[in-house]
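> Structure: query22.txt, compact mmCIF, C-alpha atoms and all ligand atoms.
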```
# COMPACT_ATOMS: atom_id res chain seq x y z
CA MET A 4 74.83 -117.61 183.46
CA PRO A 5 73.64 -113.97 183.42
CA PRO A 6 75.81 -111.50 181.44
CA PRO A 7 78.34 -109.54 183.55
CA LYS A 8 77.00 -106.31 185.03
CA THR A 9 79.91 -104.24 183.73
CA TYR A 10 81.89 -104.39 180.51
CA ARG A 11 84.63 -102.50 178.67
CA ALA A 12 84.57 -101.17 175.14
CA GLU A 13 86.49 -98.90 172.80
CA GLY A 14 84.23 -96.66 170.76
CA LEU A 15 83.86 -93.72 168.41
CA VAL A 16 81.26 -91.16 169.54
CA LEU A 17 78.78 -90.66 166.68
CA LYS A 18 76.40 -88.20 168.34
CA ASN A 19 74.95 -87.13 171.67
CA ILE A 20 71.74 -85.52 172.87
CA PRO A 21 70.89 -83.86 176.20
CA PHE A 22 69.27 -86.34 178.57
CA GLY A 23 67.63 -85.52 181.90
CA GLU A 24 68.90 -82.49 183.81
CA ALA A 25 72.65 -82.78 183.30
CA ASP A 26 73.29 -86.02 181.41
CA LEU A 27 73.99 -86.94 177.82
CA LEU A 28 72.60 -89.84 175.83
CA VAL A 29 75.58 -90.89 173.74
CA THR A 30 75.56 -93.03 170.58
CA LEU A 31 78.87 -94.81 170.01
CA TYR A 32 80.18 -97.24 167.45
CA SER A 33 82.29 -99.69 169.39
CA ARG A 34 84.95 -102.11 168.20
CA GLU A 35 83.56 -104.92 170.36
CA PHE A 36 79.75 -104.61 170.22
CA GLY A 37 78.83 -102.44 167.22
CA LYS A 38 76.47 -99.54 167.92
CA LEU A 39 75.78 -98.73 171.57
CA LYS A 40 73.68 -96.14 173.38
CA ALA A 41 74.66 -95.16 176.91
CA VAL A 42 74.01 -92.42 179.43
CA ALA A 43 76.94 -90.25 180.55
CA LYS A 44 75.81 -88.98 183.94
CA GLY A 45 76.56 -85.35 184.75
CA ALA A 46 78.40 -84.82 181.43
CA ARG A 47 76.67 -81.47 180.88
CA ARG A 48 77.70 -79.97 184.24
CA SER A 49 80.26 -77.22 183.62
CA ASN A 50 82.49 -78.50 186.42
CA SER A 51 82.31 -82.13 185.23
CA LYS A 52 85.67 -83.84 184.61
CA ILE A 53 84.20 -85.46 181.51
CA VAL A 54 83.02 -82.31 179.70
CA GLY A 55 83.95 -82.70 176.02
CA HIS A 56 84.67 -86.43 176.33
CA PHE A 57 81.50 -87.29 174.40
CA GLU A 58 81.78 -84.84 171.51
CA PRO A 59 81.10 -86.53 168.17
CA LEU A 60 84.29 -87.89 166.53
CA THR A 61 86.00 -88.68 169.82
CA VAL A 62 87.50 -92.14 170.40
CA ALA A 63 87.47 -93.39 173.98
CA LYS A 64 87.98 -96.44 176.14
CA LEU A 65 84.92 -96.92 178.31
CA SER A 66 83.80 -98.92 181.26
CA MET A 67 80.04 -99.42 181.24
CA ALA A 68 77.37 -100.77 183.54
CA ARG A 69 74.38 -102.58 182.09
CA GLY A 70 71.10 -100.91 182.92
CA ARG A 71 67.56 -102.22 182.55
CA THR A 72 66.88 -99.99 179.54
CA LEU A 73 70.06 -97.97 178.95
CA ASP A 74 73.67 -98.69 179.88
CA ILE A 75 75.59 -96.20 182.02
CA VAL A 76 79.14 -94.97 181.40
CA ASN A 77 81.19 -95.58 184.58
CA GLN A 78 84.57 -94.44 183.30
CA VAL A 79 85.88 -92.83 180.14
CA GLU A 80 89.39 -92.25 178.83
CA VAL A 81 89.77 -90.31 175.57
CA THR A 82 92.39 -91.90 173.30
CA GLU A 83 91.92 -89.72 170.16
CA ASN A 84 89.88 -86.58 169.65
CA PHE A 85 90.84 -85.64 166.06
CA SER A 86 91.38 -82.06 167.23
CA SER A 87 92.84 -80.70 163.99
CA LEU A 88 90.03 -82.31 161.96
CA LYS A 89 87.54 -80.48 164.21
CA SER A 90 89.32 -77.12 163.85
CA ASP A 91 88.37 -76.76 160.16
CA LEU A 92 84.77 -76.49 159.00
CA THR A 93 85.19 -78.60 155.84
CA THR A 94 87.07 -81.47 157.50
CA LEU A 95 84.66 -81.35 160.46
CA ALA A 96 81.69 -81.64 158.06
CA ARG A 97 83.38 -84.59 156.31
CA GLY A 98 84.02 -86.25 159.67
CA LEU A 99 80.38 -85.79 160.71
CA TYR A 100 79.31 -87.28 157.37
CA VAL A 101 81.41 -90.39 158.19
CA ALA A 102 79.76 -90.56 161.65
CA GLU A 103 76.26 -90.22 160.18
CA LEU A 104 76.87 -93.04 157.70
CA VAL A 105 78.35 -95.32 160.38
CA ASP A 106 75.26 -94.59 162.48
CA GLY A 107 73.02 -95.41 159.49
CA PHE A 108 74.78 -98.64 158.43
CA GLY A 109 76.00 -99.92 161.81
CA SER A 110 73.83 -102.36 163.75
CA GLU A 111 73.25 -102.36 167.49
CA ALA A 112 74.73 -105.21 169.49
CA SER A 113 76.44 -106.66 166.44
CA SER A 114 80.21 -106.30 166.18
CA ASN A 115 81.70 -105.28 162.82
CA GLN A 116 85.37 -104.62 163.34
CA GLN A 117 85.93 -103.98 159.63
CA LEU A 118 83.44 -101.10 159.78
CA TYR A 119 84.97 -99.73 163.00
CA ASP A 120 88.51 -99.83 161.57
CA LEU A 121 87.31 -98.25 158.31
CA ALA A 122 85.73 -95.32 160.19
CA ILE A 123 88.82 -94.66 162.34
CA GLU A 124 91.18 -95.00 159.38
CA THR A 125 89.04 -92.64 157.26
CA LEU A 126 88.85 -89.96 159.99
CA GLY A 127 92.65 -90.16 160.37
CA ALA A 128 93.08 -89.67 156.61
CA ILE A 129 90.65 -86.71 156.50
CA GLN A 130 92.63 -85.10 159.32
CA GLN A 131 96.05 -85.74 157.79
CA HIS A 132 95.22 -85.08 154.15
CA PRO A 133 92.36 -82.54 153.89
CA SER A 134 92.87 -82.18 150.12
CA TRP A 135 92.24 -85.87 149.32
CA GLU A 136 88.75 -85.66 147.84
CA LEU A 137 88.55 -89.39 147.12
CA VAL A 138 88.80 -90.38 150.80
CA LEU A 139 85.02 -90.06 151.19
CA ARG A 140 84.33 -91.94 147.95
CA ARG A 141 86.55 -94.83 149.10
CA PHE A 142 84.81 -94.73 152.48
CA GLU A 143 81.34 -94.93 150.88
CA LEU A 144 82.29 -97.94 148.76
CA HIS A 145 84.10 -99.77 151.58
CA LEU A 146 81.26 -98.96 154.00
CA MET A 147 78.85 -100.81 151.69
CA ARG A 148 81.36 -103.64 151.38
CA ALA A 149 81.79 -103.94 155.18
CA SER A 150 78.00 -103.86 155.63
CA GLY A 151 77.22 -106.54 153.04
CA PHE A 152 75.83 -104.14 150.39
CA MET A 153 78.83 -104.00 148.04
CA PRO A 154 77.57 -103.24 144.52
CA GLU A 155 78.66 -105.68 141.81
CA LEU A 156 81.28 -104.06 139.53
CA PHE A 157 82.43 -106.88 137.25
CA HIS A 158 79.34 -108.69 135.90
CA CYS A 159 75.88 -107.67 134.76
CA VAL A 160 73.66 -108.32 137.80
CA ASP A 161 70.82 -109.45 135.51
CA CYS A 162 72.32 -111.78 132.87
CA ARG A 163 75.59 -112.41 134.85
CA LYS A 164 77.78 -111.87 131.74
CA PRO A 165 81.21 -110.34 132.43
CA LEU A 166 81.16 -106.62 131.53
CA GLU A 167 82.89 -105.61 128.29
CA PRO A 168 85.05 -102.45 128.37
CA GLU A 169 82.36 -100.01 127.23
CA GLN A 170 79.56 -97.80 128.55
CA HIS A 171 77.28 -99.57 131.08
CA ARG A 172 74.47 -98.85 133.49
CA PHE A 173 74.26 -98.90 137.26
CA SER A 174 71.37 -99.71 139.57
CA PRO A 175 71.79 -99.70 143.36
CA ASP A 176 68.53 -101.56 143.94
CA ALA A 177 69.34 -104.24 141.31
CA GLY A 178 72.71 -104.68 143.06
CA GLY A 179 75.27 -102.90 140.84
CA THR A 180 76.29 -102.88 137.17
CA LEU A 181 74.05 -103.79 134.25
CA CYS A 182 75.00 -104.43 130.62
CA LEU A 183 73.25 -102.40 127.91
CA ASP A 184 71.02 -105.37 126.99
CA CYS A 185 69.48 -105.68 130.46
CA ALA A 186 66.98 -103.33 132.08
CA PRO A 187 65.13 -105.14 134.89
CA TYR A 188 61.64 -103.79 135.50
CA GLY A 189 60.95 -101.42 138.37
CA VAL A 190 64.51 -100.50 139.43
CA GLN A 191 66.24 -97.14 139.13
CA ILE A 192 68.88 -97.19 136.39
CA ARG A 193 71.73 -94.70 135.88
CA SER A 194 74.21 -94.47 133.03
CA LEU A 195 77.75 -95.47 133.96
CA SER A 196 80.76 -94.42 131.92
CA LEU A 197 83.67 -96.81 131.48
CA ARG A 198 85.95 -94.25 133.19
CA ALA A 199 83.69 -94.08 136.26
CA LEU A 200 83.50 -97.90 136.41
CA LYS A 201 87.32 -98.02 136.38
CA VAL A 202 87.50 -95.48 139.24
CA LEU A 203 84.99 -97.52 141.29
CA ARG A 204 87.03 -100.70 140.72
CA LEU A 205 90.22 -98.88 141.72
CA LEU A 206 88.60 -97.48 144.88
CA HIS A 207 87.36 -100.98 145.67
CA ARG A 208 90.88 -102.44 145.74
CA SER A 209 92.78 -99.35 146.98
CA ARG A 210 94.22 -98.80 150.40
CA ILE A 211 93.90 -95.23 151.71
CA ALA A 212 97.63 -94.70 151.18
CA ASP A 213 97.14 -95.41 147.44
CA LEU A 214 94.65 -92.56 146.94
CA PRO A 215 97.09 -89.82 145.84
CA GLN A 216 98.00 -91.99 142.83
CA LEU A 217 94.36 -91.93 141.76
CA GLN A 218 93.85 -88.82 139.70
CA ALA A 219 90.37 -88.12 138.35
CA HIS A 220 89.10 -85.12 136.40
CA GLU A 221 86.50 -83.06 138.28
CA SER A 222 83.63 -84.14 136.01
CA LEU A 223 84.62 -87.80 136.53
CA GLU A 224 84.84 -87.28 140.31
CA GLN A 225 81.34 -85.77 140.19
CA GLU A 226 79.99 -88.78 138.27
CA VAL A 227 81.52 -91.23 140.80
CA LYS A 228 80.24 -89.11 143.69
CA SER A 229 76.73 -89.04 142.27
CA LEU A 230 76.68 -92.83 141.62
CA LEU A 231 77.90 -93.66 145.12
CA SER A 232 75.54 -91.14 146.66
CA THR A 233 72.60 -92.85 144.89
CA ALA A 234 73.69 -96.22 146.28
CA ILE A 235 74.31 -94.90 149.82
CA SER A 236 70.93 -93.10 149.89
CA TYR A 237 69.17 -96.24 148.64
CA TRP A 238 70.62 -98.41 151.44
CA MET A 239 70.33 -95.73 154.18
CA ASP A 240 66.71 -95.19 153.18
CA LYS A 241 66.59 -91.77 154.84
CA GLU A 242 67.86 -88.28 154.22
CA ILE A 243 71.57 -87.79 154.96
CA ARG A 244 71.59 -84.56 156.97
CA THR A 245 75.29 -83.72 156.68
CA ASN A 246 75.21 -84.11 152.87
CA SER A 247 73.53 -80.80 152.12
CA PHE A 248 75.91 -78.99 154.49
CA LEU A 249 78.93 -80.61 152.84
CA ASN A 250 77.66 -79.68 149.37
CA HIS A 251 77.08 -76.12 150.54
CA LEU A 252 80.67 -75.88 151.87
CA GLU A 253 82.08 -77.28 148.64
CA ARG A 254 80.40 -74.51 146.66
CA LEU A 255 81.86 -71.73 148.86
CA PRO A 256 85.14 -70.03 147.96
CA LYS A 257 87.97 -71.49 150.10
CA ALA A 258 88.64 -68.19 151.97
CA GLU A 259 85.03 -68.02 153.13
CA VAL A 260 85.13 -71.57 154.54
CA SER A 261 88.29 -71.02 156.58
CA SER A 262 87.27 -67.62 158.01
ZN ZN B 1 72.99 -108.13 131.22
```
Would you encode the structure as structure tokens?

Amino acid sequence: MPPPKTYRAEGLVLKNIPFGEADLLVTLYSREFGKLKAVAKGARRSNSKIVGHFEPLTVAKLSMARGRTLDIVNQVEVTENFSSLKSDLTTLARGLYVAELVDGFGSEASSNQQLYDLAIETLGAIQQHPSWELVLRRFELHLMRASGFMPELFHCVDCRKPLEPEQHRFSPDAGGTLCLDCAPYGVQIRSLSLRALKVLRLLHRSRIADLPQLQAHESLEQEVKSLLSTAISYWMDKEIRTNSFLNHLERLPKAEVSS
């Protein structure tokens, strides 16, 4: 039996680009079908009823028609637009970073509800709690987990011995933690402090609501950020565009960012 000509989906808009004279080509991450690309006809006309419905970081219920090459959006109803997240430059940049990583890790035509729920939950937390720095670190770790790339945090990935409570090493391409006796050939190896390993394990088992109880000194947060960034970059295998913008914002005095 041929697939139905129309279908419904709920999705998060990751990005859009102008398409044809007045249309948009929209990339969404949907709860039901994973990553989708679809054309929103007339979405760039100033008098269109759907202007703004396909901004990145908008959640919508959609009715779509299957096309020969690209699907077409028939109807759209916005259910969440994260308006206060978008009103601040830092939280907007963090939200766009989440969208870029979901775009990078998400597969087309392959549902991953865990990844969808993680993205929506993380955007909600960024909006509600702009000062929670560890939200993005938890997202990075759980994104790898939901995508099947979770780094090992309890055993040496080479000799398989359980890790003793001491200094270790970390290698994203070897698959996670290494004991000090093991150094597989040809992989990148980073040092990993016991404190950073503990933070990674805590982030691994934490719910978002638990994050305020996780206090980490700035230098420790930087170490965890750098380790996760190495792993994310390794699996994404391309430059993360929003990263340099986020780092730039973090270096600016707060008053300058909000003006
Ligand atoms: Zn080992």
> Using only C-alpha atoms and all ligand atoms for the distances, tell me which of A:Thr180, A:Gln216, A:Thr245, A:Gln225 is nearest to ligand ZN 1 (chain B).
A:Thr180
> May I have the protein, DNA and RNA residues with an atom at most 10 Å from (76.8, -87.4, 184.9), counting only C-alpha atoms in the file's coordinates, returned as an NGL selection string?
:A and (22-27 or 42-48 or 51-54 or 75-77)
> Rounded to one decimal, what separation in Å do you get between CA of Ser66 (chain A) and CA of Val16 (chain A)?
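Taking CA of Ser66 (chain A) as the start and CA of Val16 (chain A) as the end point, the length is 14.3 Å.
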> Write as JSON, numbers by chain the residues around ligand ZN 1 (chain B), taking 6 Å as the cut-off and counting all atoms listed in the file.
{"A": [159, 161, 162, 181, 182, 184, 185]}
> Please compute the CA of Gly127 (chain A)-CA of Thr94 (chain A) distance, one decimal, in Å.
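Computing it gives 10.7 Å between the two atoms.
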> Export region 23-174 of chain A from the structure block above, keeping C-alpha atoms, as a compact mmCIF listing (two decimals), in the first residue's frame.

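Result saved to selection-v6.txt:
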```
# COMPACT_ATOMS: atom_id res chain seq x y z
CA GLY A 23 11.92 30.36 -4.52
CA GLU A 24 10.28 33.78 -4.69
CA ALA A 25 8.33 33.86 -1.44
CA ASP A 26 8.76 30.46 0.22
CA LEU A 27 10.91 29.07 2.99
CA LEU A 28 12.71 25.75 3.12
CA VAL A 29 12.30 24.74 6.74
CA THR A 30 14.32 22.14 8.68
CA LEU A 31 12.39 20.70 11.62
CA TYR A 32 13.08 18.07 14.22
CA SER A 33 9.82 16.22 14.67
CA ARG A 34 8.64 13.98 17.48
CA GLU A 35 7.27 11.40 15.03
CA PHE A 36 9.75 11.24 12.13
CA GLY A 37 13.05 12.77 13.28
CA LYS A 38 14.52 15.44 11.00
CA LEU A 39 12.29 16.74 8.20
CA LYS A 40 12.69 19.31 5.45
CA ALA A 41 9.58 20.95 4.04
CA VAL A 42 8.58 23.95 1.98
CA ALA A 43 6.36 26.61 3.60
CA LYS A 44 4.69 28.26 0.62
CA GLY A 45 4.33 32.03 0.72
CA ALA A 46 5.86 32.24 4.23
CA ARG A 47 8.01 35.24 3.23
CA ARG A 48 5.09 37.36 1.96
CA SER A 49 4.56 40.26 4.37
CA ASN A 50 0.80 39.71 4.38
CA SER A 51 1.10 35.95 4.95
CA LYS A 52 -0.80 34.57 7.96
CA ILE A 53 2.16 32.32 8.73
CA VAL A 54 4.89 34.98 8.94
CA GLY A 55 7.07 34.12 11.95
CA HIS A 56 5.66 30.60 12.30
CA PHE A 57 8.90 29.08 11.00
CA GLU A 58 11.44 31.06 13.03
CA PRO A 59 14.09 28.79 14.55
CA LEU A 60 13.14 27.57 18.07
CA THR A 61 9.41 27.52 17.36
CA VAL A 62 7.37 24.40 18.17
CA ALA A 63 4.39 23.74 15.92
CA LYS A 64 1.81 21.15 14.96
CA LEU A 65 1.91 20.67 11.21
CA SER A 66 -0.07 19.04 8.50
CA MET A 67 2.14 18.10 5.56
CA ALA A 68 1.72 16.82 2.03
CA ARG A 69 4.29 14.46 0.57
CA GLY A 70 5.99 15.84 -2.51
CA ARG A 71 8.16 14.09 -5.07
CA THR A 72 11.33 15.71 -3.72
CA LEU A 73 10.25 17.97 -0.85
CA ASP A 74 7.20 17.84 1.40
CA ILE A 75 4.88 20.85 1.60
CA VAL A 76 3.44 22.38 4.77
CA ASN A 77 -0.38 22.52 4.41
CA GLN A 78 -1.23 23.84 7.87
CA VAL A 79 0.73 25.07 10.86
CA GLU A 80 -0.28 25.85 14.43
CA VAL A 81 2.38 27.28 16.75
CA THR A 82 2.21 25.68 20.21
CA GLU A 83 5.34 27.26 21.80
CA ASN A 84 7.60 30.01 20.53
CA PHE A 85 9.96 30.48 23.51
CA SER A 86 9.44 34.24 23.23
CA SER A 87 11.31 35.24 26.39
CA LEU A 88 14.26 33.00 25.43
CA LYS A 89 14.41 34.86 22.09
CA SER A 90 14.27 38.30 23.73
CA ASP A 91 17.76 37.96 25.28
CA LEU A 92 20.89 37.61 23.17
CA THR A 93 22.64 35.10 25.44
CA THR A 94 19.66 32.77 25.88
CA LEU A 95 18.87 33.07 22.15
CA ALA A 96 22.46 32.05 21.30
CA ARG A 97 22.20 29.08 23.70
CA GLY A 98 18.90 28.06 22.11
CA LEU A 99 20.40 28.25 18.61
CA TYR A 100 23.33 26.14 19.83
CA VAL A 101 20.81 23.47 20.96
CA ALA A 102 19.12 23.65 17.52
CA GLU A 103 22.44 23.34 15.68
CA LEU A 104 23.42 20.25 17.69
CA VAL A 105 20.01 18.61 17.18
CA ASP A 106 20.42 19.30 13.45
CA GLY A 107 23.92 17.75 13.54
CA PHE A 108 23.02 14.63 15.57
CA GLY A 109 19.43 14.05 14.42
CA SER A 110 18.77 11.71 11.50
CA GLU A 111 16.25 12.24 8.73
CA ALA A 112 13.25 9.93 8.64
CA SER A 113 14.27 8.23 11.86
CA SER A 114 12.25 8.99 14.99
CA ASN A 115 14.12 9.63 18.24
CA GLN A 116 11.62 10.80 20.81
CA GLN A 117 14.26 10.90 23.54
CA LEU A 118 16.23 13.45 21.51
CA TYR A 119 13.10 15.49 20.73
CA ASP A 120 12.02 15.59 24.39
CA LEU A 121 15.57 16.48 25.48
CA ALA A 122 15.67 19.46 23.08
CA ILE A 123 12.27 20.81 24.18
CA GLU A 124 13.04 20.29 27.87
CA THR A 125 16.44 22.01 27.51
CA LEU A 126 14.98 25.05 25.69
CA GLY A 127 12.35 25.37 28.43
CA ALA A 128 15.07 25.30 31.10
CA ILE A 129 17.21 27.90 29.28
CA GLN A 130 14.15 30.15 29.09
CA GLN A 131 13.13 29.69 32.72
CA HIS A 132 16.57 29.66 34.33
CA PRO A 133 19.01 31.77 32.25
CA SER A 134 21.66 31.59 35.00
CA TRP A 135 21.94 27.77 34.98
CA GLU A 136 25.23 27.33 33.16
CA LEU A 137 25.18 23.54 33.43
CA VAL A 138 22.00 23.18 31.33
CA LEU A 139 24.06 23.10 28.13
CA ARG A 140 26.60 20.66 29.58
CA ARG A 141 23.79 18.28 30.61
CA PHE A 142 22.27 18.71 27.14
CA GLU A 143 25.57 17.85 25.40
CA LEU A 144 26.03 14.67 27.45
CA HIS A 145 22.40 13.54 27.12
CA LEU A 146 22.42 14.38 23.39
CA MET A 147 25.30 11.92 22.93
CA ARG A 148 23.46 9.39 25.07
CA ALA A 149 20.22 9.75 23.05
CA SER A 150 22.19 9.45 19.80
CA GLY A 151 24.13 6.32 20.78
CA PHE A 152 27.48 8.08 21.35
CA MET A 153 27.49 8.21 25.15
CA PRO A 154 31.11 8.25 26.34
CA GLU A 155 32.05 5.56 28.86
CA LEU A 156 32.53 7.09 32.35
CA PHE A 157 33.03 4.10 34.65
CA HIS A 158 35.59 1.75 33.05
CA CYS A 159 38.77 2.16 31.04
CA VAL A 160 37.65 1.74 27.41
CA ASP A 161 40.92 -0.06 26.59
CA CYS A 162 41.58 -2.59 29.40
CA ARG A 163 37.94 -2.51 30.74
CA LYS A 164 39.11 -2.21 34.38
CA PRO A 165 36.79 -0.19 36.66
CA LEU A 166 38.25 3.30 37.20
CA GLU A 167 39.89 3.98 40.57
CA PRO A 168 39.13 7.35 42.23
CA GLU A 169 42.13 9.25 40.84
CA GLN A 170 43.26 11.29 37.83
CA HIS A 171 42.34 9.68 34.47
CA ARG A 172 42.34 10.44 30.77
CA PHE A 173 39.57 10.96 28.27
CA SER A 174 39.39 10.19 24.57
```
